[in-house]
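Have a look at target_33.txt below; it lists compact mmCIF, C-alpha atoms.
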# COMPACT_ATOMS: atom_id res chain seq x y z
CA MET A 1 12.67 -135.70 68.67
CA ARG A 2 16.34 -135.99 69.71
CA MET A 3 19.19 -133.55 69.17
CA TYR A 4 21.44 -136.50 68.32
CA ASP A 5 19.27 -137.30 65.29
CA ILE A 6 19.21 -133.66 64.14
CA ILE A 7 23.01 -133.48 64.30
CA ALA A 8 23.34 -136.75 62.39
CA LYS A 9 20.88 -135.59 59.74
CA LYS A 10 22.80 -132.39 59.05
CA ARG A 11 26.09 -134.29 59.22
CA ASP A 12 24.74 -136.51 56.43
CA ARG A 13 23.75 -133.46 54.31
CA GLN A 14 20.01 -133.94 54.72
CA LYS A 15 17.56 -131.04 54.83
CA LEU A 16 16.16 -130.19 58.23
CA SER A 17 12.53 -129.30 58.85
CA PRO A 18 11.36 -126.06 60.53
CA GLU A 19 10.25 -128.19 63.48
CA GLU A 20 13.72 -129.71 63.88
CA ILE A 21 15.40 -126.31 63.71
CA GLY A 22 12.89 -124.92 66.20
CA PHE A 23 13.55 -127.88 68.51
CA PHE A 24 17.28 -127.12 68.45
CA ILE A 25 16.86 -123.39 69.15
CA ASN A 26 14.25 -123.83 71.88
CA GLY A 27 16.20 -126.66 73.51
CA TYR A 28 19.48 -124.78 73.52
CA VAL A 29 17.96 -121.60 74.94
CA SER A 30 16.15 -123.55 77.67
CA GLY A 31 19.33 -125.40 78.66
CA GLN A 32 18.09 -128.84 77.65
CA ILE A 33 20.62 -129.05 74.82
CA PRO A 34 24.23 -128.69 76.06
CA ASP A 35 27.04 -126.67 74.49
CA TYR A 36 28.76 -129.75 73.09
CA GLN A 37 25.71 -130.75 71.04
CA ALA A 38 25.14 -127.18 69.90
CA SER A 39 28.80 -127.03 68.86
CA ALA A 40 28.41 -130.25 66.88
CA PHE A 41 25.35 -128.86 65.11
CA LEU A 42 27.15 -125.61 64.27
CA MET A 43 30.11 -127.50 62.81
CA ALA A 44 27.82 -129.75 60.74
CA ALA A 45 25.97 -126.69 59.44
CA PHE A 46 29.28 -124.92 58.80
CA ILE A 47 30.68 -127.82 56.75
CA ASN A 48 27.53 -128.95 54.93
CA GLY A 49 25.64 -125.66 54.76
CA LEU A 50 22.00 -124.69 55.20
CA ASP A 51 19.80 -124.04 52.19
CA LYS A 52 17.64 -120.92 51.76
CA ASP A 53 14.65 -122.45 53.54
CA GLU A 54 16.72 -123.72 56.47
CA THR A 55 18.39 -120.33 56.82
CA VAL A 56 15.03 -118.52 56.94
CA TRP A 57 13.63 -121.05 59.44
CA LEU A 58 16.73 -120.71 61.62
CA THR A 59 16.51 -116.90 61.51
CA LYS A 60 12.85 -116.89 62.47
CA ALA A 61 13.37 -119.40 65.28
CA MET A 62 16.22 -117.33 66.70
CA ALA A 63 14.24 -114.09 66.44
CA ALA A 64 11.31 -115.74 68.22
CA SER A 65 13.47 -117.22 71.00
CA GLY A 66 12.73 -114.26 73.27
CA GLU A 67 10.83 -111.01 73.30
CA THR A 68 10.67 -108.81 70.21
CA ALA A 69 10.65 -105.02 70.26
CA ASP A 70 7.51 -103.26 69.08
CA LEU A 71 8.64 -99.96 67.55
CA SER A 72 5.43 -99.24 65.65
CA SER A 73 4.53 -96.31 67.93
CA LEU A 74 7.81 -94.56 66.99
CA GLY A 75 7.11 -94.39 63.26
CA VAL A 76 9.91 -95.25 60.85
CA VAL A 77 12.92 -96.60 62.76
CA ALA A 78 16.19 -97.60 61.09
CA ASP A 79 18.96 -100.03 61.94
CA LYS A 80 22.33 -100.89 60.41
CA HIS A 81 24.76 -103.72 60.85
CA SER A 82 28.23 -104.62 59.66
CA THR A 83 29.40 -108.18 59.08
CA GLY A 84 32.57 -107.22 60.91
CA GLY A 85 35.97 -105.92 60.04
CA VAL A 86 39.06 -104.14 61.31
CA ALA A 87 38.79 -100.44 62.24
CA ASP A 88 35.14 -100.58 61.19
CA THR A 89 33.77 -97.72 63.29
CA THR A 90 30.89 -96.77 61.02
CA THR A 91 28.17 -97.22 63.67
CA LEU A 92 29.63 -94.42 65.79
CA ILE A 93 29.44 -92.14 62.75
CA VAL A 94 26.33 -93.34 60.91
CA VAL A 95 23.96 -93.45 63.90
CA PRO A 96 24.44 -89.82 65.00
CA LEU A 97 24.56 -88.65 61.36
CA VAL A 98 21.16 -90.05 60.35
CA CYS A 99 19.70 -89.22 63.75
CA ALA A 100 20.75 -85.59 63.25
CA CYS A 101 18.80 -85.76 59.98
CA GLY A 102 15.63 -86.70 61.85
CA LEU A 103 15.64 -90.48 61.43
CA LYS A 104 15.25 -92.61 64.57
CA VAL A 105 17.78 -95.42 65.02
CA ALA A 106 17.41 -98.49 67.24
CA LYS A 107 20.74 -100.33 67.14
CA MET A 108 21.48 -103.65 68.80
CA SER A 109 25.18 -104.46 68.51
CA GLY A 110 27.58 -107.24 69.42
CA ARG A 111 30.96 -107.82 71.02
CA GLY A 112 34.22 -108.39 69.22
CA LEU A 113 34.12 -111.66 67.28
CA GLY A 114 37.29 -113.38 66.14
CA HIS A 115 39.75 -110.84 64.70
CA THR A 116 37.13 -108.08 64.39
CA GLY A 117 36.23 -105.35 66.85
CA GLY A 118 32.81 -105.00 68.47
CA THR A 119 30.75 -101.81 68.67
CA LEU A 120 29.79 -102.52 72.29
CA ASP A 121 33.44 -102.84 73.33
CA LYS A 122 34.22 -99.53 71.63
CA LEU A 123 31.34 -97.74 73.33
CA GLU A 124 32.26 -99.17 76.72
CA SER A 125 35.71 -97.59 76.38
CA ILE A 126 33.95 -94.23 76.84
CA PRO A 127 34.11 -93.40 80.58
CA GLY A 128 30.84 -94.25 82.30
CA MET A 129 28.98 -95.43 79.22
CA THR A 130 26.78 -98.51 79.48
CA VAL A 131 25.30 -100.64 76.72
CA SER A 132 23.36 -102.84 79.16
CA LEU A 133 19.95 -101.29 78.64
CA ASP A 134 16.72 -103.14 79.27
CA LEU A 135 14.17 -103.10 76.50
CA ASP A 136 12.00 -100.40 78.10
CA ALA A 137 14.98 -98.06 78.58
CA PHE A 138 16.10 -98.77 75.03
CA LEU A 139 12.73 -97.81 73.56
CA THR A 140 12.42 -94.75 75.77
CA GLN A 141 15.82 -93.49 74.67
CA VAL A 142 15.00 -94.00 70.98
CA LYS A 143 11.82 -91.98 71.52
CA ASN A 144 13.43 -89.15 73.52
CA VAL A 145 16.96 -88.91 72.08
CA GLY A 146 16.34 -90.36 68.63
CA ALA A 147 18.83 -93.21 68.89
CA ALA A 148 20.13 -95.89 71.24
CA VAL A 149 22.79 -98.59 70.98
CA MET A 150 22.47 -101.58 73.26
CA GLY A 151 23.85 -105.04 73.76
CA GLN A 152 21.77 -108.13 73.38
CA THR A 153 19.78 -108.91 76.50
CA MET A 154 18.58 -112.39 77.37
CA ARG A 155 15.05 -111.11 76.82
CA LEU A 156 15.63 -110.19 73.20
CA CYS A 157 16.96 -112.85 70.79
CA PRO A 158 18.71 -114.97 73.45
CA ALA A 159 19.44 -117.75 70.95
CA ASP A 160 21.72 -115.50 68.95
CA LYS A 161 23.53 -114.20 72.01
CA MET A 162 24.31 -117.76 73.06
CA LEU A 163 25.26 -119.04 69.61
CA TYR A 164 27.28 -115.87 68.81
CA ALA A 165 29.61 -116.57 71.75
CA LEU A 166 29.84 -120.28 70.93
CA ARG A 167 30.69 -119.73 67.26
CA ASP A 168 33.52 -117.41 68.28
CA VAL A 169 35.39 -120.24 70.03
CA THR A 170 34.46 -123.21 67.83
CA ALA A 171 35.81 -121.99 64.44
CA THR A 172 32.32 -121.73 62.97
CA VAL A 173 32.18 -118.00 62.26
CA GLU A 174 32.77 -117.87 58.48
CA SER A 175 29.51 -119.42 57.29
CA ILE A 176 27.01 -117.55 55.08
CA PRO A 177 23.87 -119.16 56.59
CA LEU A 178 25.10 -118.78 60.18
CA ILE A 179 26.18 -115.19 59.69
CA ALA A 180 22.96 -114.31 57.86
CA SER A 181 20.74 -115.89 60.50
CA SER A 182 22.73 -114.32 63.33
CA ILE A 183 22.57 -110.82 61.94
CA MET A 184 19.01 -110.91 60.66
CA SER A 185 17.54 -112.56 63.76
CA LYS A 186 18.77 -109.57 65.76
CA LYS A 187 17.47 -107.17 63.18
CA LEU A 188 14.02 -108.78 63.12
CA ALA A 189 13.80 -109.02 66.90
CA ALA A 190 14.90 -105.39 67.33
CA GLY A 191 11.85 -104.30 65.36
CA SER A 192 13.21 -101.67 62.99
CA SER A 193 11.33 -101.16 59.72
CA VAL A 194 14.46 -100.09 57.78
CA ILE A 195 17.60 -102.26 57.79
CA VAL A 196 20.89 -101.41 56.05
CA LEU A 197 23.70 -103.98 56.03
CA ASP A 198 27.40 -103.35 55.48
CA VAL A 199 28.82 -106.58 54.07
CA LYS A 200 32.61 -106.70 54.08
CA THR A 201 34.92 -108.46 51.64
CA GLY A 202 38.70 -108.77 51.58
CA SER A 203 41.47 -110.17 53.75
CA GLY A 204 39.99 -108.74 56.95
CA ALA A 205 36.42 -109.90 56.31
CA PHE A 206 34.71 -113.16 57.16
CA MET A 207 33.76 -113.29 53.47
CA SER A 208 37.16 -112.71 51.87
CA LYS A 209 35.92 -113.24 48.29
CA PRO A 210 33.60 -110.66 46.70
CA ASP A 211 31.31 -113.40 45.32
CA ASP A 212 30.80 -114.81 48.83
CA ALA A 213 30.11 -111.34 50.19
CA MET A 214 27.54 -110.78 47.45
CA ALA A 215 25.90 -114.10 48.31
CA LEU A 216 25.73 -113.18 51.99
CA ALA A 217 24.32 -109.76 51.16
CA GLU A 218 21.65 -111.26 48.93
CA ALA A 219 20.74 -113.87 51.58
CA MET A 220 20.24 -111.23 54.25
CA VAL A 221 18.31 -108.85 51.99
CA ASP A 222 16.04 -111.76 51.01
CA ILE A 223 15.39 -112.59 54.67
CA GLY A 224 14.61 -108.97 55.50
CA ARG A 225 12.25 -108.52 52.59
CA MET A 226 10.48 -111.81 53.32
CA ALA A 227 9.91 -110.49 56.84
CA GLY A 228 8.37 -107.28 55.51
CA ARG A 229 11.31 -104.97 56.27
CA LYS A 230 12.84 -102.45 53.87
CA THR A 231 16.31 -103.92 53.53
CA ALA A 232 19.44 -103.09 51.54
CA ALA A 233 23.08 -104.12 51.64
CA VAL A 234 26.27 -102.32 50.67
CA VAL A 235 29.25 -104.57 49.86
CA THR A 236 32.45 -102.78 50.92
CA ASP A 237 36.17 -103.42 51.00
CA MET A 238 38.05 -104.84 53.98
CA SER A 239 41.41 -105.59 52.38
CA GLN A 240 42.87 -103.00 54.75
CA PRO A 241 41.55 -101.45 57.97
CA LEU A 242 38.63 -99.18 57.10
CA GLY A 243 39.76 -96.44 59.46
CA MET A 244 43.30 -95.59 60.49
CA ALA A 245 42.81 -96.56 64.16
CA VAL A 246 42.49 -100.14 65.41
CA GLY A 247 41.51 -100.62 69.05
CA ASN A 248 38.52 -99.59 71.10
CA SER A 249 39.41 -96.19 72.58
CA LEU A 250 41.47 -95.27 69.53
CA GLU A 251 38.53 -96.00 67.21
CA VAL A 252 36.16 -93.90 69.29
CA ILE A 253 38.62 -91.02 69.07
CA GLU A 254 38.82 -91.42 65.28
CA ALA A 255 35.01 -91.43 65.00
CA ILE A 256 34.88 -88.20 67.01
CA ASP A 257 37.53 -86.72 64.72
CA VAL A 258 35.42 -87.64 61.67
CA LEU A 259 32.29 -86.08 63.17
CA SER A 260 34.37 -83.02 64.11
CA GLY A 261 35.54 -82.60 60.53
CA LYS A 262 39.17 -83.28 61.48
CA SER A 263 39.48 -86.45 59.38
CA GLY A 264 37.63 -88.32 56.66
CA GLY A 265 38.95 -90.83 54.16
CA ASP A 266 37.48 -94.26 53.53
CA LEU A 267 35.79 -94.42 56.94
CA LEU A 268 33.72 -91.33 56.16
CA THR A 269 33.03 -92.43 52.58
CA VAL A 270 31.56 -95.77 53.66
CA SER A 271 29.66 -94.12 56.53
CA LEU A 272 28.03 -91.67 54.11
CA ALA A 273 27.11 -94.51 51.72
CA LEU A 274 25.39 -96.45 54.51
CA ALA A 275 23.70 -93.39 55.96
CA SER A 276 22.43 -92.35 52.52
CA ARG A 277 20.85 -95.76 52.00
CA MET A 278 19.11 -95.52 55.37
CA LEU A 279 17.59 -92.15 54.51
CA LEU A 280 16.51 -93.40 51.09
CA LEU A 281 14.81 -96.54 52.43
CA ALA A 282 13.07 -94.43 55.06
CA ASP A 283 11.74 -92.13 52.31
CA ALA A 284 13.36 -89.19 54.11
CA VAL A 285 14.91 -87.95 50.84
CA PRO A 286 13.96 -88.29 47.15
CA ASP A 287 17.36 -89.35 45.82
CA GLU A 288 20.98 -90.08 46.69
CA PRO A 289 22.35 -86.54 46.03
CA SER A 290 19.72 -85.14 48.40
CA ALA A 291 20.71 -87.70 51.03
CA GLU A 292 24.39 -86.80 50.79
CA GLU A 293 23.60 -83.07 50.96
CA MET A 294 21.52 -83.57 54.10
CA LEU A 295 24.19 -85.71 55.75
CA LEU A 296 27.04 -83.32 54.96
CA ASP A 297 25.01 -80.46 56.40
CA ALA A 298 24.54 -82.44 59.64
CA LEU A 299 28.27 -83.11 59.67
CA HIS A 300 29.54 -79.62 58.89
CA THR A 301 27.14 -77.81 61.24
CA GLY A 302 28.20 -80.01 64.17
CA ARG A 303 24.71 -81.43 64.67
CA ALA A 304 25.93 -85.01 64.21
CA LEU A 305 28.68 -84.59 66.82
CA GLN A 306 26.13 -83.03 69.17
CA LYS A 307 23.86 -86.03 68.64
CA LEU A 308 26.70 -88.42 69.47
CA GLY A 309 27.15 -86.52 72.72
CA ASP A 310 23.41 -86.85 73.42
CA ILE A 311 23.56 -90.62 72.91
CA ILE A 312 26.64 -90.97 75.12
CA ALA A 313 25.09 -88.89 77.90
CA ALA A 314 21.78 -90.76 77.75
CA GLN A 315 23.66 -94.02 78.34
CA GLY A 316 25.63 -92.72 81.31
CA GLY A 317 28.79 -91.74 79.47
CA ASP A 318 30.90 -88.61 79.74
CA ARG A 319 29.85 -86.52 76.75
CA ARG A 320 32.87 -84.27 77.26
CA VAL A 321 34.88 -86.82 75.22
CA THR A 322 33.30 -85.36 72.07
CA SER A 323 35.25 -82.15 72.65
CA ASP A 324 38.18 -83.50 74.69
CA THR A 325 39.36 -86.94 73.57
CA SER A 326 42.15 -86.89 76.17
CA LEU A 327 39.45 -88.14 78.56
CA MET A 328 39.45 -91.48 76.72
CA PRO A 329 41.61 -94.37 78.00
CA ARG A 330 45.25 -94.09 76.94
CA ALA A 331 47.95 -96.77 76.74
CA ARG A 332 51.13 -96.56 78.79
CA ILE A 333 53.50 -97.38 75.89
CA ILE A 334 53.57 -95.86 72.39
CA SER A 335 55.95 -97.43 69.88
CA LYS A 336 56.50 -96.67 66.20
CA LEU A 337 57.06 -99.08 63.33
CA TYR A 338 59.28 -97.65 60.57
CA ALA A 339 59.58 -98.54 56.88
CA ARG A 340 62.74 -100.44 56.00
CA GLY A 341 62.86 -99.20 52.39
CA ASP A 342 61.28 -97.09 49.66
CA GLY A 343 58.27 -98.05 47.58
CA VAL A 344 54.48 -98.11 47.71
CA LEU A 345 52.34 -99.79 50.33
CA SER A 346 50.88 -102.54 48.13
CA SER A 347 48.82 -104.74 50.46
CA THR A 348 47.98 -105.59 54.05
CA ASP A 349 46.94 -108.84 55.66
CA CYS A 350 43.98 -107.22 57.35
CA LYS A 351 42.97 -110.31 59.31
CA ARG A 352 46.46 -110.59 60.79
CA LEU A 353 46.32 -106.92 61.73
CA GLY A 354 43.12 -107.64 63.63
CA GLU A 355 44.85 -110.54 65.35
CA ALA A 356 47.71 -108.24 66.32
CA ALA A 357 45.22 -105.92 68.01
CA GLY A 358 43.90 -108.95 69.87
CA LEU A 359 47.40 -109.83 71.06
CA LEU A 360 47.74 -106.34 72.47
CA GLY A 361 44.55 -106.93 74.46
CA ALA A 362 42.06 -105.09 72.23
CA GLY A 363 40.16 -108.27 71.33
CA ARG A 364 39.23 -111.68 72.66
CA ILE A 365 40.81 -115.07 72.13
CA THR A 366 38.19 -116.76 74.34
CA LYS A 367 34.68 -115.49 75.09
CA ASP A 368 35.62 -114.77 78.72
CA ASP A 369 38.68 -112.60 77.98
CA VAL A 370 38.70 -109.06 79.38
CA ILE A 371 39.46 -106.33 76.86
CA ASP A 372 41.93 -103.51 77.45
CA PRO A 373 40.16 -100.46 75.99
CA ALA A 374 43.33 -98.37 75.65
CA VAL A 375 45.50 -100.55 73.42
CA GLY A 376 45.69 -100.87 69.65
CA PHE A 377 47.50 -99.12 66.83
CA ILE A 378 47.14 -96.32 64.30
CA MET A 379 48.07 -96.97 60.68
CA LYS A 380 49.93 -94.07 59.08
CA LYS A 381 49.80 -95.26 55.46
CA ARG A 382 47.15 -96.77 53.19
CA ILE A 383 47.40 -99.05 50.17
CA GLY A 384 48.70 -97.01 47.24
CA ASP A 385 50.58 -94.49 49.41
CA ALA A 386 54.22 -93.76 48.66
CA VAL A 387 56.63 -94.89 51.39
CA LYS A 388 60.19 -93.78 52.06
CA LYS A 389 62.70 -95.54 54.26
CA GLY A 390 62.24 -94.32 57.83
CA ASP A 391 58.58 -93.30 57.37
CA VAL A 392 56.29 -94.27 60.24
CA LEU A 393 54.02 -97.07 59.04
CA CYS A 394 52.21 -97.65 62.29
CA GLU A 395 51.99 -96.25 65.83
CA ILE A 396 51.40 -99.02 68.38
CA HIS A 397 49.70 -98.36 71.73
CA ALA A 398 50.38 -101.02 74.37
CA ASN A 399 50.36 -101.68 78.10
CA ASP A 400 52.65 -104.72 78.11
CA GLU A 401 56.15 -105.00 76.63
CA ASN A 402 55.79 -108.66 75.65
CA GLN A 403 52.46 -108.06 73.96
CA LEU A 404 54.00 -105.09 72.16
CA ALA A 405 56.86 -107.23 70.82
CA ASP A 406 54.53 -109.97 69.57
CA ALA A 407 52.09 -107.55 67.96
CA SER A 408 54.83 -105.46 66.35
CA LEU A 409 56.22 -108.52 64.58
CA ILE A 410 52.79 -109.48 63.22
CA ILE A 411 52.02 -105.93 62.08
CA GLU A 412 55.35 -105.67 60.24
CA GLN A 413 54.76 -109.05 58.56
CA SER A 414 51.26 -107.92 57.56
CA ILE A 415 52.36 -104.89 55.55
CA ALA A 416 53.80 -105.33 52.06
CA ILE A 417 55.74 -102.65 50.19
CA SER A 418 56.50 -102.97 46.48
CA ASP A 419 57.25 -100.82 43.45
CA ASP A 420 53.66 -99.93 42.60
CA ALA A 421 50.08 -100.42 43.76
CA GLN A 422 46.63 -98.91 43.39
CA PRO A 423 44.11 -98.27 46.17
CA PRO A 424 41.51 -101.08 46.35
CA ARG A 425 37.92 -100.63 45.21
CA LEU A 426 36.03 -99.34 48.25
CA ILE A 427 32.37 -100.04 47.40
CA TYR A 428 31.62 -103.11 45.29
CA SER A 429 27.86 -103.12 45.05
CA VAL A 430 24.55 -102.00 46.55
CA ILE A 431 21.89 -104.69 46.81

Starting from the file, lay out its structure as structure tokens.
Amino acid sequence: MRMYDIIAKKRDRQKLSPEEIGFFINGYVSGQIPDYQASAFLMAAFINGLDKDETVWLTKAMAASGETADLSSLGVVADKHSTGGVADTTTLIVVPLVCACGLKVAKMSGRGLGHTGGTLDKLESIPGMTVSLDLDAFLTQVKNVGAAVMGQTMRLCPADKMLYALRDVTATVESIPLIASSIMSKKLAAGSSVIVLDVKTGSGAFMSKPDDAMALAEAMVDIGRMAGRKTAAVVTDMSQPLGMAVGNSLEVIEAIDVLSGKSGGDLLTVSLALASRMLLLADAVPDEPSAEEMLLDALHTGRALQKLGDIIAAQGGDRRVTSDTSLMPRARIISKLYARGDGVLSSTDCKRLGEAAGLLGAGRITKDDVIDPAVGFIMKKRIGDAVKKGDVLCEIHANDENQLADASLIIEQSIAISDDAQPPRLIYSVI
């Protein structure tokens, strides 16, 4: 069997066998198949697609490419994952929320990909915090603290770690089969019995059209159920940043503000929807109203914020940030973008806003780029909000004047103001 023939077969729109897909994954992980052939395969799969069988076979091969976590001794363990967006900080809210309700969470997250932020990058902006846990430490923390968030190690699902980085720089991110197999291989390898997926749609999502997002959600739920996991997906809006803050340190601060009861909005609404689904799938509550009541109690009593502090401390971070966010990294320059006229904020190019954050240094253009945790911006208006000339639309945090100028121009071009507009639909469907 030759990788050349497998690439040619997919290039010519022929169906691959499970053996051929397994050969590709095993060969790439072992180093026998080079990056340039893997890139060619990814592009062929991106252009010509993978059918349902091929997607399942790819997912299973990726999940089996390394060790898998055995969480059976911990009872019911939940996991959640987002397909990626801008200001999508739900993990930092959902994980401590459901953990404070008694549900264990084992979360394996990724780095920033394309224009979207990564949970690991956000957590690493917390002074001292590490996401580089080995599998034994990960399991021990889930058992003792109730939750852990780690990066992918080469022991657990190495195929996805390698392909994830390659897709980021070869323009092969926005593919339903590749996204589904990437996400679900991690979920299967991580061993959780309950999986909740947040599938984004809109200008800032990889699946910009709702129908595509629905298809991705259904594909991932099918994979999870076929693997014997309780799986659900919530399709949510990403036509504007989910939270108000964009950038690693800024997003952590916003998550702390939500858990402290200082802010809410769409970020809290989506977080509660995801957390409710996790509790329901875990049979921790009888119905959705009971789930929301339990979650709001954990929020309002401060137990969720306390749990976030426990998770931070267990992973070497300074838990004092949960009560004093001034300890988080701060940018040297703060600039404001003002409205040039009256009207209503009618739309945002959310993807371009994510790219602006990347220009400031909050994201990666290549897989080897170093992130600046302090930079980003805070939106001051949302779609449907009234705007008057001179109102602050955005507060930009930067450490470089040239980067600030470039990002400011993109942010201004990404915000549209017209005579009238309605807020977008936030939750499209639950699958």

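Nearest to Gly128 of chain A of all the residues A:Glu412, A:Asp283, A:Asp297, A:Asp318 is A:Asp318, based on all atoms listed in the file.
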
Every residue with an atom at most 12 Å from (11.9, -93.7, 73.0) (file coordinates; all atoms listed in the file) is what I'm after, so could you write them as a PyMOL selection string? chain A and resi 69-75+77+104-106+135-148+314

Take atom CA of Gln240 of chain A and atom CA of Ile383 of chain A and report the distance between them in Å, one decimal. 7.6 Å

Counting all atoms listed in the file, which residue out of A:Ala233, A:Met62, A:Ala205, A:Met1 sits closest to Pro158 of chain A? A:Met62

May I ask which of the residues A:Ala407, A:Leu188, A:Leu268, A:Met129 is the closest one to Gly309 of chain A, counting only C-alpha atoms?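 Between A:Ala407, A:Leu188, A:Leu268, A:Met129, the residue approaching Gly309 of chain A most closely is A:Met129.
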
Would you list the contacts of Leu178 of chain A as a PyMOL selection string, taking every protein, DNA or RNA residue within 12 Å and counting only C-alpha atoms, but skipping same-chain residues closer than 5 positions in sequence? chain A and resi 41-52+54-59+62+83+160+163-164+166-168+171-173+183-185+206+216+219-220

Taking 2 positions as the minimum chain separation for residues in the same chain, which residues sit within 9 Å of Val149 of chain A when counting all atoms listed in the file? Answer as number ranges by chain. A: 95, 105-109, 119-120, 123, 131, 133, 138, 147, 151, 311, 315

Nearest candidate to Arg229 of chain A (options A:Val392, A:Ala180, A:Met162, A:Ile195; using all atoms listed in the file):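 Closest residue, counting all atoms listed in the file: A:Ile195.
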
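Straight-line separation from atom CA of Gly343 of chain A to atom CA of Asp420 of chain A: 7.0 Å.
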
If we count all atoms listed in the file and set the cut-off at 10 Å, which residues sit around Leu409 of chain A, ignoring sequence neighbours fewer than 5 positions away in its own chain? Please answer as a list in words.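 The residues that qualify are Leu337, Ala356, Leu404 and Ser414 of chain A.
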
Give me, as a Markdown table, each residue of segment 229-290 of chain A that comes within 7 Å of segment 423-431 of chain A, together with its shortest interatomic pair and the distance in Å at one decimal, counting only C-alpha atoms, with rows ordered by chain and rising residue number.
| residue | atom | partner | partner_atom | distance |
| --- | --- | --- | --- | --- |
| A:Ala232 | CA | A:Ile431 | CA | 5.6 |
| A:Ala233 | CA | A:Ile431 | CA | 5.0 |
| A:Val234 | CA | A:Val430 | CA | 4.5 |
| A:Val235 | CA | A:Ser429 | CA | 5.2 |
| A:Thr236 | CA | A:Ile427 | CA | 4.5 |
| A:Asp237 | CA | A:Leu426 | CA | 4.9 |

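The space between atom CA of Gly376 of chain A and atom CA of Thr130 of chain A spans 21.4 Å.
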
For Arg340 of chain A, the nearest of the candidates A:Ser260, A:Thr153, A:Ser30, A:Ser418, counting all atoms listed in the file: A:Ser418

Compare A:Leu92, A:Ile417, A:Val29, A:Ala215 by their minimum atom-to-atom distance to Val252 of chain A, counting only C-alpha atoms, and give me the closest one.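 Of A:Leu92, A:Ile417, A:Val29, A:Ala215, the one nearest Val252 of chain A is A:Leu92, counting only C-alpha atoms.
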
Residue list as a list in words for point (28.5, -94.1, 53.6), cut-off 10 Å, only C-alpha atoms: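 Residues lying no farther than 10 Å from the given point: Thr90, Ile93, Val94, Asp198, Val234, Thr236, Asp266, Leu267, Leu268, Thr269, Val270, Ser271, Leu272, Ala273, Leu274, Ala275, Ser276, Arg277, Met278, Glu292, Leu295 and Ile427 of chain A.
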
Would you kindly return, as a list in words, each protein, DNA or RNA residue with an atom no farther than 7 Å from any atom of Glu20 of chain A, considering all atoms listed in the file and excluding same-chain residues fewer than 4 positions away?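 Residues near the query, excluding close chain neighbours: Ile6, Leu16 and Phe24 of chain A.
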
I'd like the box whose edges run along x, y and z of the file and which contains every listed atom of segment 121-133 of chain A, padded by 6 Å per side; could you state its centre and edge lengths in Å, one decimal, as AutoDock Vina command-line options?
--center_x 27.8 --center_y -98.1 --center_z 77.0 --size_x 27.8 --size_y 21.4 --size_z 22.7

Reconstructed N, CA and C atoms for segment 377-388 of chain A, given as a short mmCIF file (atom, residue, chain, number, x, y, z; two decimals), in the frame of the given file:
data_model
loop_
_atom_site.label_atom_id
_atom_site.label_comp_id
_atom_site.auth_asym_id
_atom_site.auth_seq_id
_atom_site.Cartn_x
_atom_site.Cartn_y
_atom_site.Cartn_z
N PHE A 377 46.48 -99.80 67.66
CA PHE A 377 47.50 -99.12 66.83
C PHE A 377 46.82 -98.21 65.83
N ILE A 378 47.61 -97.28 65.30
CA ILE A 378 47.14 -96.32 64.30
C ILE A 378 47.99 -96.48 63.05
N MET A 379 47.35 -96.86 61.95
CA MET A 379 48.07 -96.97 60.68
C MET A 379 48.36 -95.56 60.16
N LYS A 380 49.53 -95.38 59.60
CA LYS A 380 49.93 -94.07 59.08
C LYS A 380 49.96 -94.03 57.55
N LYS A 381 49.81 -95.18 56.92
CA LYS A 381 49.80 -95.26 55.46
C LYS A 381 48.66 -96.17 55.01
N ARG A 382 48.18 -95.93 53.77
CA ARG A 382 47.15 -96.77 53.19
C ARG A 382 47.66 -97.36 51.88
N ILE A 383 46.99 -98.39 51.41
CA ILE A 383 47.40 -99.05 50.17
C ILE A 383 47.41 -98.02 49.04
N GLY A 384 48.52 -97.97 48.32
CA GLY A 384 48.70 -97.01 47.24
C GLY A 384 49.52 -95.80 47.64
N ASP A 385 49.77 -95.62 48.94
CA ASP A 385 50.58 -94.49 49.41
C ASP A 385 52.06 -94.74 49.18
N ALA A 386 52.77 -93.69 48.80
CA ALA A 386 54.22 -93.76 48.66
C ALA A 386 54.87 -93.87 50.04
N VAL A 387 55.93 -94.65 50.12
CA VAL A 387 56.63 -94.89 51.39
C VAL A 387 58.12 -94.68 51.16
N LYS A 388 58.74 -93.95 52.08
CA LYS A 388 60.19 -93.78 52.06
C LYS A 388 60.80 -94.45 53.28
#
